[in-house]
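To be precise, the following lines are data-v8.cif, and they hold mmCIF, C-alpha atoms; chains and numbers go by the auth columns.
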data_final
#
loop_
_atom_site.group_PDB
_atom_site.id
_atom_site.type_symbol
_atom_site.label_atom_id
_atom_site.label_comp_id
_atom_site.label_asym_id
_atom_site.label_seq_id
_atom_site.Cartn_x
_atom_site.Cartn_y
_atom_site.Cartn_z
_atom_site.B_iso_or_equiv
_atom_site.auth_seq_id
_atom_site.auth_asym_id
ATOM 1 C CA MET A 1 0.000 0.000 0.000 0.00 1 I
ATOM 2 C CA LYS A 2 2.800 2.390 0.940 0.00 2 I
ATOM 3 C CA THR A 3 4.582 1.513 -2.298 0.00 3 I
ATOM 4 C CA LYS A 4 1.489 2.431 -4.346 0.00 4 I
ATOM 5 C CA ILE A 5 1.092 5.726 -2.497 0.00 5 I
ATOM 6 C CA LEU A 6 4.766 6.528 -3.032 0.00 6 I
ATOM 7 C CA SER A 7 4.431 5.754 -6.757 0.00 7 I
ATOM 8 C CA VAL A 8 1.420 8.046 -7.064 0.00 8 I
ATOM 9 C CA LEU A 9 3.289 10.836 -5.285 0.00 9 I
ATOM 10 C CA ILE A 10 6.295 10.439 -7.584 0.00 10 I
ATOM 11 C CA ILE A 11 4.072 10.618 -10.668 0.00 11 I
ATOM 12 C CA PHE A 12 2.249 13.675 -9.290 0.00 12 I
ATOM 13 C CA LEU A 13 5.518 15.473 -8.514 0.00 13 I
ATOM 14 C CA SER A 14 6.904 14.627 -11.948 0.00 14 I
ATOM 15 C CA ILE A 15 3.859 16.148 -13.628 0.00 15 I
ATOM 16 C CA ALA A 16 4.090 19.234 -11.431 0.00 16 I
ATOM 17 C CA ILE A 17 7.765 19.702 -12.256 0.00 17 I
ATOM 18 C CA VAL A 18 7.226 19.307 -15.997 0.00 18 I
ATOM 19 C CA THR A 19 4.247 21.666 -15.911 0.00 19 I
ATOM 20 C CA GLY A 20 6.139 24.227 -13.864 0.00 20 I
ATOM 21 C CA CYS A 21 9.079 24.207 -16.253 0.00 21 I
ATOM 22 C CA SER A 22 6.913 24.482 -19.322 0.00 22 I
ATOM 23 C CA GLY A 23 5.804 28.041 -18.583 0.00 23 I
ATOM 24 C CA ASN A 24 2.244 29.100 -19.220 0.00 24 I
ATOM 25 C CA VAL A 25 0.267 25.847 -19.282 0.00 25 I
ATOM 26 C CA ASN A 26 -2.391 27.597 -21.358 0.00 26 I
ATOM 27 C CA ASN A 27 0.195 28.506 -23.986 0.00 27 I
ATOM 28 C CA PRO A 28 2.340 25.573 -25.164 0.00 28 I
ATOM 29 C CA ASP A 29 4.294 27.938 -27.440 0.00 29 I
ATOM 30 C CA ALA A 30 5.745 29.785 -24.425 0.00 30 I
ATOM 31 C CA LEU A 31 8.513 27.248 -23.851 0.00 31 I
ATOM 32 C CA LYS A 32 9.245 27.000 -27.579 0.00 32 I
ATOM 33 C CA PHE A 33 9.705 30.767 -27.790 0.00 33 I
ATOM 34 C CA LYS A 34 11.889 30.816 -24.683 0.00 34 I
ATOM 35 C CA GLN A 35 14.139 28.077 -26.079 0.00 35 I
ATOM 36 C CA ASP A 36 14.268 29.700 -29.526 0.00 36 I
ATOM 37 C CA TYR A 37 15.589 33.015 -28.205 0.00 37 I
ATOM 38 C CA GLU A 38 17.700 31.781 -25.296 0.00 38 I
ATOM 39 C CA SER A 39 19.433 29.154 -27.453 0.00 39 I
ATOM 40 C CA LEU A 40 21.473 31.958 -29.049 0.00 40 I
ATOM 41 C CA ASN A 41 22.748 33.360 -25.744 0.00 41 I
ATOM 42 C CA GLY A 42 26.543 33.499 -25.677 0.00 42 I
ATOM 43 C CA LYS A 43 26.926 32.855 -29.401 0.00 43 I
ATOM 44 C CA THR A 44 28.609 35.010 -32.018 0.00 44 I
ATOM 45 C CA ILE A 45 26.908 35.871 -35.322 0.00 45 I
ATOM 46 C CA ASN A 46 28.704 37.878 -38.026 0.00 46 I
ATOM 47 C CA ASP A 47 31.529 38.624 -35.601 0.00 47 I
ATOM 48 C CA LYS A 48 29.064 40.147 -33.123 0.00 48 I
ATOM 49 C CA LYS A 49 28.313 38.674 -29.724 0.00 49 I
ATOM 50 C CA VAL A 50 24.604 37.977 -29.451 0.00 50 I
ATOM 51 C CA ARG A 51 22.772 39.831 -26.701 0.00 51 I
ATOM 52 C CA THR A 52 21.849 37.508 -23.834 0.00 52 I
ATOM 53 C CA VAL A 53 18.137 37.499 -23.098 0.00 53 I
ATOM 54 C CA LYS A 54 16.145 35.836 -20.361 0.00 54 I
ATOM 55 C CA ILE A 55 12.657 35.022 -21.533 0.00 55 I
ATOM 56 C CA ASN A 56 9.922 34.726 -18.919 0.00 56 I
ATOM 57 C CA GLN A 57 8.598 31.169 -19.039 0.00 57 I
ATOM 58 C CA ASN A 58 5.097 32.588 -18.655 0.00 58 I
ATOM 59 C CA ASN A 59 5.420 34.645 -21.812 0.00 59 I
ATOM 60 C CA PRO A 60 2.365 35.227 -24.039 0.00 60 I
ATOM 61 C CA LEU A 61 4.015 34.537 -27.418 0.00 61 I
ATOM 62 C CA ILE A 62 2.037 32.319 -29.790 0.00 62 I
ATOM 63 C CA TYR A 63 3.493 31.224 -33.116 0.00 63 I
ATOM 64 C CA LYS A 64 1.497 32.157 -36.194 0.00 64 I
ATOM 65 C CA ASN A 65 2.227 32.327 -39.899 0.00 65 I
ATOM 66 C CA ALA A 66 1.309 35.140 -42.275 0.00 66 I
ATOM 67 C CA GLU A 67 -1.823 33.355 -43.472 0.00 67 I
ATOM 68 C CA ASP A 68 -3.078 33.015 -39.877 0.00 68 I
ATOM 69 C CA ILE A 69 -2.757 36.760 -39.306 0.00 69 I
ATOM 70 C CA ILE A 70 -4.573 37.562 -42.542 0.00 70 I
ATOM 71 C CA THR A 71 -7.434 35.244 -41.587 0.00 71 I
ATOM 72 C CA MET A 72 -7.713 36.848 -38.143 0.00 72 I
ATOM 73 C CA MET A 73 -7.897 40.293 -39.720 0.00 73 I
ATOM 74 C CA ASP A 74 -10.568 39.117 -42.152 0.00 74 I
ATOM 75 C CA ASN A 75 -12.502 37.918 -39.096 0.00 75 I
ATOM 76 C CA ASN A 76 -12.272 41.428 -37.583 0.00 76 I
ATOM 77 C CA GLU A 77 -10.322 40.202 -34.554 0.00 77 I
ATOM 78 C CA SER A 78 -8.334 42.429 -32.172 0.00 78 I
ATOM 79 C CA PHE A 79 -4.805 41.426 -31.203 0.00 79 I
ATOM 80 C CA VAL A 80 -1.120 42.340 -30.959 0.00 80 I
ATOM 81 C CA VAL A 81 1.279 40.855 -33.483 0.00 81 I
ATOM 82 C CA TYR A 82 5.065 40.861 -33.228 0.00 82 I
ATOM 83 C CA PHE A 83 7.096 40.522 -36.423 0.00 83 I
ATOM 84 C CA GLY A 84 10.704 39.548 -35.782 0.00 84 I
ATOM 85 C CA PHE A 85 13.171 36.673 -35.550 0.00 85 I
ATOM 86 C CA SER A 86 15.500 35.314 -32.894 0.00 86 I
ATOM 87 C CA LYS A 87 18.776 36.331 -34.595 0.00 87 I
ATOM 88 C CA CYS A 88 17.626 39.943 -35.024 0.00 88 I
ATOM 89 C CA PRO A 89 19.789 42.054 -32.666 0.00 89 I
ATOM 90 C CA TRP A 90 17.224 44.856 -32.446 0.00 90 I
ATOM 91 C CA CYS A 91 14.515 42.312 -31.595 0.00 91 I
ATOM 92 C CA ARG A 92 16.633 41.003 -28.755 0.00 92 I
ATOM 93 C CA SER A 93 16.875 44.563 -27.430 0.00 93 I
ATOM 94 C CA ILE A 94 13.122 44.877 -26.895 0.00 94 I
ATOM 95 C CA ILE A 95 11.691 41.391 -26.416 0.00 95 I
ATOM 96 C CA GLU A 96 12.104 41.153 -22.627 0.00 96 I
ATOM 97 C CA THR A 97 10.323 44.482 -22.160 0.00 97 I
ATOM 98 C CA LEU A 98 7.529 43.520 -24.547 0.00 98 I
ATOM 99 C CA ILE A 99 6.872 40.418 -22.454 0.00 99 I
ATOM 100 C CA LYS A 100 7.031 42.381 -19.177 0.00 100 I
ATOM 101 C CA VAL A 101 4.503 44.960 -20.382 0.00 101 I
ATOM 102 C CA SER A 102 2.111 42.301 -21.632 0.00 102 I
ATOM 103 C CA ASN A 103 2.285 40.480 -18.296 0.00 103 I
ATOM 104 C CA ASP A 104 1.853 43.723 -16.339 0.00 104 I
ATOM 105 C CA LEU A 105 -1.234 44.703 -18.339 0.00 105 I
ATOM 106 C CA GLY A 106 -2.737 41.218 -18.452 0.00 106 I
ATOM 107 C CA LEU A 107 -2.421 40.627 -22.192 0.00 107 I
ATOM 108 C CA ASP A 108 -2.267 36.840 -22.439 0.00 108 I
ATOM 109 C CA LYS A 109 -1.601 36.543 -26.171 0.00 109 I
ATOM 110 C CA ILE A 110 0.905 38.143 -28.531 0.00 110 I
ATOM 111 C CA TYR A 111 1.012 36.541 -31.947 0.00 111 I
ATOM 112 C CA TYR A 112 4.518 35.993 -33.292 0.00 112 I
ATOM 113 C CA VAL A 113 5.389 35.844 -36.976 0.00 113 I
ATOM 114 C CA ASP A 114 8.985 34.915 -37.762 0.00 114 I
ATOM 115 C CA VAL A 115 9.737 37.050 -40.840 0.00 115 I
ATOM 116 C CA LEU A 116 13.323 35.945 -41.451 0.00 116 I
ATOM 117 C CA ASN A 117 12.595 33.720 -44.432 0.00 117 I
ATOM 118 C CA ILE A 118 9.326 35.102 -45.806 0.00 118 I
ATOM 119 C CA ARG A 119 10.391 38.631 -46.773 0.00 119 I
ATOM 120 C CA ASP A 120 11.745 39.689 -50.128 0.00 120 I
ATOM 121 C CA THR A 121 15.210 41.192 -50.384 0.00 121 I
ATOM 122 C CA LEU A 122 15.890 44.130 -52.703 0.00 122 I
ATOM 123 C CA SER A 123 19.033 46.020 -53.546 0.00 123 I
ATOM 124 C CA VAL A 124 20.232 48.774 -55.872 0.00 124 I
ATOM 125 C CA ASP A 125 22.627 47.888 -58.706 0.00 125 I
ATOM 126 C CA LYS A 126 25.498 50.051 -59.922 0.00 126 I
ATOM 127 C CA ASP A 127 23.207 51.829 -62.370 0.00 127 I
ATOM 128 C CA GLY A 128 20.800 52.841 -59.665 0.00 128 I
ATOM 129 C CA ASN A 129 18.124 50.306 -60.559 0.00 129 I
ATOM 130 C CA VAL A 130 16.263 48.322 -57.918 0.00 130 I
ATOM 131 C CA LYS A 131 16.664 44.567 -58.295 0.00 131 I
ATOM 132 C CA GLU A 132 15.065 41.666 -56.496 0.00 132 I
ATOM 133 C CA ASP A 133 17.645 39.437 -54.844 0.00 133 I
ATOM 134 C CA LYS A 134 15.071 37.191 -53.162 0.00 134 I
ATOM 135 C CA LYS A 135 11.362 36.941 -53.713 0.00 135 I
ATOM 136 C CA GLY A 136 9.059 37.021 -50.717 0.00 136 I
ATOM 137 C CA SER A 137 6.287 34.536 -50.055 0.00 137 I
ATOM 138 C CA ASN A 138 2.835 35.221 -51.484 0.00 138 I
ATOM 139 C CA ASP A 139 1.411 35.686 -48.002 0.00 139 I
ATOM 140 C CA TYR A 140 4.165 38.173 -47.171 0.00 140 I
ATOM 141 C CA TYR A 141 3.007 40.421 -50.006 0.00 141 I
ATOM 142 C CA LYS A 142 -0.546 40.076 -48.694 0.00 142 I
ATOM 143 C CA LEU A 143 0.676 41.219 -45.276 0.00 143 I
ATOM 144 C CA LEU A 144 2.199 44.296 -46.897 0.00 144 I
ATOM 145 C CA ASP A 145 -1.202 45.144 -48.318 0.00 145 I
ATOM 146 C CA TYR A 146 -3.103 44.465 -45.084 0.00 146 I
ATOM 147 C CA PHE A 147 -0.679 46.517 -42.955 0.00 147 I
ATOM 148 C CA LYS A 148 0.192 49.200 -45.516 0.00 148 I
ATOM 149 C CA ASP A 149 -1.347 52.019 -43.457 0.00 149 I
ATOM 150 C CA VAL A 150 1.129 51.552 -40.600 0.00 150 I
ATOM 151 C CA LEU A 151 4.215 50.115 -42.309 0.00 151 I
ATOM 152 C CA SER A 152 7.297 52.111 -43.287 0.00 152 I
ATOM 153 C CA ASP A 153 8.606 52.285 -46.840 0.00 153 I
ATOM 154 C CA TYR A 154 11.317 49.900 -47.960 0.00 154 I
ATOM 155 C CA LYS A 155 14.417 52.094 -47.673 0.00 155 I
ATOM 156 C CA LEU A 156 16.946 51.399 -50.408 0.00 156 I
ATOM 157 C CA TYR A 157 20.200 53.236 -51.037 0.00 157 I
ATOM 158 C CA ASP A 158 22.500 53.507 -54.036 0.00 158 I
ATOM 159 C CA LYS A 159 26.275 53.090 -53.935 0.00 159 I
ATOM 160 C CA ASP A 160 26.678 56.727 -52.870 0.00 160 I
ATOM 161 C CA GLY A 161 24.321 56.352 -49.952 0.00 161 I
ATOM 162 C CA ASN A 162 21.451 58.221 -51.577 0.00 162 I
ATOM 163 C CA LEU A 163 17.905 57.101 -50.838 0.00 163 I
ATOM 164 C CA VAL A 164 16.279 55.541 -53.900 0.00 164 I
ATOM 165 C CA LYS A 165 12.554 56.131 -54.314 0.00 165 I
ATOM 166 C CA TYR A 166 10.744 52.799 -54.524 0.00 166 I
ATOM 167 C CA ASP A 167 7.070 52.049 -54.029 0.00 167 I
ATOM 168 C CA GLU A 168 7.003 49.123 -51.603 0.00 168 I
ATOM 169 C CA LYS A 169 6.315 48.843 -47.905 0.00 169 I
ATOM 170 C CA ARG A 170 8.504 46.764 -45.589 0.00 170 I
ATOM 171 C CA ILE A 171 7.920 44.700 -42.466 0.00 171 I
ATOM 172 C CA TYR A 172 11.038 45.440 -40.488 0.00 172 I
ATOM 173 C CA ALA A 173 12.183 43.542 -37.416 0.00 173 I
ATOM 174 C CA PRO A 174 11.060 44.269 -34.844 0.00 174 I
ATOM 175 C CA ASN A 175 7.634 45.589 -35.811 0.00 175 I
ATOM 176 C CA VAL A 176 4.932 45.288 -33.167 0.00 176 I
ATOM 177 C CA VAL A 177 1.423 46.174 -34.338 0.00 177 I
ATOM 178 C CA SER A 178 -1.920 46.611 -32.630 0.00 178 I
ATOM 179 C CA VAL A 179 -4.898 45.386 -34.640 0.00 179 I
ATOM 180 C CA VAL A 180 -8.388 46.430 -33.531 0.00 180 I
ATOM 181 C CA ASN A 181 -11.427 44.871 -35.195 0.00 181 I
ATOM 182 C CA GLY A 182 -9.255 43.719 -38.076 0.00 182 I
ATOM 183 C CA THR A 183 -7.666 47.139 -38.669 0.00 183 I
ATOM 184 C CA PRO A 184 -4.000 47.999 -37.879 0.00 184 I
ATOM 185 C CA THR A 185 -4.025 50.996 -35.533 0.00 185 I
ATOM 186 C CA LYS A 186 -0.454 51.488 -34.322 0.00 186 I
ATOM 187 C CA LEU A 187 3.019 50.192 -35.101 0.00 187 I
ATOM 188 C CA THR A 188 6.125 50.556 -33.015 0.00 188 I
ATOM 189 C CA THR A 189 9.565 49.011 -33.045 0.00 189 I
ATOM 190 C CA GLY A 190 9.794 49.634 -29.313 0.00 190 I
ATOM 191 C CA ILE A 191 13.413 50.696 -29.833 0.00 191 I
ATOM 192 C CA SER A 192 14.445 53.636 -27.667 0.00 192 I
ATOM 193 C CA LYS A 193 15.420 56.798 -29.511 0.00 193 I
ATOM 194 C CA LYS A 194 18.493 56.801 -27.290 0.00 194 I
ATOM 195 C CA GLN A 195 19.648 53.443 -28.644 0.00 195 I
ATOM 196 C CA ASN A 196 21.822 53.880 -31.724 0.00 196 I
ATOM 197 C CA ASP A 197 23.440 50.457 -31.742 0.00 197 I
ATOM 198 C CA ALA A 198 21.694 47.086 -31.579 0.00 198 I
ATOM 199 C CA TYR A 199 24.421 45.689 -29.322 0.00 199 I
ATOM 200 C CA MET A 200 24.852 48.535 -26.844 0.00 200 I
ATOM 201 C CA LYS A 201 24.037 48.212 -23.159 0.00 201 I
ATOM 202 C CA LEU A 202 20.468 49.225 -22.414 0.00 202 I
ATOM 203 C CA THR A 203 20.003 51.870 -19.728 0.00 203 I
ATOM 204 C CA ASP A 204 16.996 52.139 -17.436 0.00 204 I
ATOM 205 C CA LYS A 205 15.861 55.200 -19.413 0.00 205 I
ATOM 206 C CA MET A 206 15.962 53.220 -22.650 0.00 206 I
ATOM 207 C CA LYS A 207 13.977 50.390 -21.119 0.00 207 I
ATOM 208 C CA LYS A 208 11.416 52.831 -19.727 0.00 208 I
ATOM 209 C CA GLU A 209 10.956 54.431 -23.150 0.00 209 I
ATOM 210 C CA THR A 210 10.460 50.996 -24.686 0.00 210 I
ATOM 211 C CA TYR A 211 8.039 50.056 -21.905 0.00 211 I
ATOM 212 C CA ASN A 212 5.883 53.133 -22.513 0.00 212 I
ATOM 213 C CA GLU A 213 5.779 52.530 -26.260 0.00 213 I
ATOM 214 C CA PHE A 214 4.500 49.003 -25.770 0.00 214 I
ATOM 215 C CA LYS A 215 2.157 50.066 -22.965 0.00 215 I
ATOM 216 C CA CYS A 216 0.325 52.486 -25.280 0.00 216 I
ATOM 217 C CA LEU A 217 0.097 49.945 -28.071 0.00 217 I
ATOM 218 C CA ILE A 218 -1.193 47.127 -25.870 0.00 218 I
ATOM 219 C CA LYS A 219 -3.721 49.366 -24.119 0.00 219 I
ATOM 220 C CA CYS A 220 -5.017 50.277 -27.560 0.00 220 I
ATOM 221 C CA VAL A 221 -6.003 46.647 -28.078 0.00 221 I
ATOM 222 C CA LEU A 222 -7.202 45.971 -24.542 0.00 222 I
ATOM 223 C CA ASP A 223 -9.456 49.047 -24.673 0.00 223 I
ATOM 224 C CA SER A 224 -10.562 48.307 -28.271 0.00 224 I
ATOM 225 C CA LYS A 225 -9.592 51.805 -29.367 0.00 225 I
ATOM 226 C CA THR A 226 -9.236 52.532 -33.058 0.00 226 I
ATOM 227 C CA THR A 227 -7.061 55.555 -32.273 0.00 227 I
ATOM 228 C CA CYS A 228 -4.115 54.883 -29.975 0.00 228 I
ATOM 229 C CA SER A 229 -2.924 57.377 -27.381 0.00 229 I
ATOM 230 C CA LYS A 230 0.412 59.084 -27.653 0.00 230 I
ATOM 231 C CA GLU A 231 3.173 57.768 -25.406 0.00 231 I
ATOM 232 C CA LYS A 232 3.003 60.704 -22.961 0.00 232 I
ATOM 233 C CA GLU A 233 -0.737 60.116 -22.481 0.00 233 I
ATOM 234 C CA CYS A 234 -0.414 56.461 -21.512 0.00 234 I
#
Would you mind giving the structure from this file in structure tokens?
Amino acid sequence: MKTKILSVLIIFLSIAIVTGCSGNVNNPDALKFKQDYESLNGKTINDKKVRTVKINQNNPLIYKNAEDIITMMDNNESFVVYFGFSKCPWCRSIIETLIKVSNDLGLDKIYYVDVLNIRDTLSVDKDGNVKEDKKGSNDYYKLLDYFKDVLSDYKLYDKDGNLVKYDEKRIYAPNVVSVVNGTPTKLTTGISKKQNDAYMKLTDKMKKETYNEFKCLIKCVLDSKTTCSKEKEC
């Protein structure tokens, strides 16, 4: 009898440990996201040391593809979507704060689209003409159309550093967007204006600026507002 009780206790404790280590039990993607970003800690990419990040195991990140986001917008849903990828140094500058704000405000879902391999890549040749080095996915081009009102232009430069006029929007990384009733209402990178290098040490002032940017954006969705407040009003 004691042996059976002991076995039951061991099984119960094992389940509790696994559940506790897996993060948000209501979001199975939480652990996947944590492992994806933390797996690069301490590594070097392109001769640059990757910023170490510590991802809250109770994070709200849920993996989606471009088609999923388009369908949600067609269904007039309200949500926050984060476009980025784990190797992106700017993304690693803001991701911990994005998660903190969402947890502080009670936002339990942020949809994550990894844009590393779905975007097109353009460049300017020696004659000043724009050429396509890599074609984007069909759904990526649909995203450009759906988010065109909040996206920035694709900035391309010639060999002399001059901006070349080209009519295409771009989903940069990071781009965090609030969508209310299927309509994009606000986009922010979350990057502090004081941060001029993706690898520099982040000060408390930088983190606060990032926090406030995300706070305004998330409140826009939580309050179902089609016009988001300015940062100083949040």
Find the nearest atom pair between each residue of segment 85-145 of chain I and segment 55-71 of chain I for residues within 9 Å, count all atoms listed in the file, give distances in Å to one decimal, sort rows by chain and ascending number, and present the table as CSV.
residue,atom,partner,partner_atom,distance
I:Ile95,CA,I:Ile55,CA,8.1
I:Glu96,CA,I:Ile55,CA,6.3
I:Ile99,CA,I:Asn59,CA,6.0
I:Lys100,CA,I:Asn56,CA,8.2
I:Ser102,CA,I:Pro60,CA,7.5
I:Asn103,CA,I:Asn59,CA,7.5
I:Leu107,CA,I:Pro60,CA,7.4
I:Asp108,CA,I:Pro60,CA,5.2
I:Lys109,CA,I:Pro60,CA,4.7
I:Ile110,CA,I:Leu61,CA,4.9
I:Tyr111,CA,I:Ile62,CA,4.9
I:Tyr112,CA,I:Tyr63,CA,4.9
I:Val113,CA,I:Lys64,CA,5.4
I:Asp114,CA,I:Asn65,CA,7.5
I:Val115,CA,I:Ala66,CA,8.8
I:Ile118,CA,I:Ala66,CA,8.8
I:Asp139,CA,I:Ala66,CA,5.8
I:Tyr140,CA,I:Ala66,CA,6.4
I:Lys142,CA,I:Ile70,CA,7.8
I:Leu143,CA,I:Ala66,CA,6.8
Worksheet item: Which value, in Å to one decimal, gives the distance between atom CA of Asn181 of chain I and atom CA of Ser78 of chain I?
Response: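 Here the two named atoms are 5.0 Å from each other.
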As JSON, please report the centre and edge lengths, rounded to one decimal in Å, of the axis-aligned box that holds all listed atoms of segment 183-196 of chain I with 5 Å of padding on each of the six sides.
{"center_x": 7.1, "center_y": 52.0, "center_z": -33.0, "size_x": 39.5, "size_y": 19.7, "size_z": 21.4}
Item to complete: Give me the result of the PyMOL selection byres ((chain I and resi 149) around 10) on this file, residue by residue, as a PyMOL selection string.
Response: chain I and resi 144-148+150-152+169+183-187
Practice prompt. Quote the spacing between atom CA of Val124 of chain I and atom CA of Arg170 of chain I in Å to one decimal place.
Written response: 15.7 Å
Practice prompt. State, in Å with one decimal place, the distance from atom CA of Ser39 of chain I to atom CA of Tyr199 of chain I.
Written response: 17.4 Å
Discussion item. I need the output of the PyMOL selection byres ((chain I and resi 190) around 8) for this file as a ChimeraX atom specification; which residues are they?
Written reply: /I:94,174-176,188-189,191-192,209-211,213-214
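In terms of minimum interatomic distance to Leu105 of chain I, I:Asp223 ranks closest within I:Asp47, I:Asp29, I:Glu77, I:Asp223, counting only C-alpha atoms.
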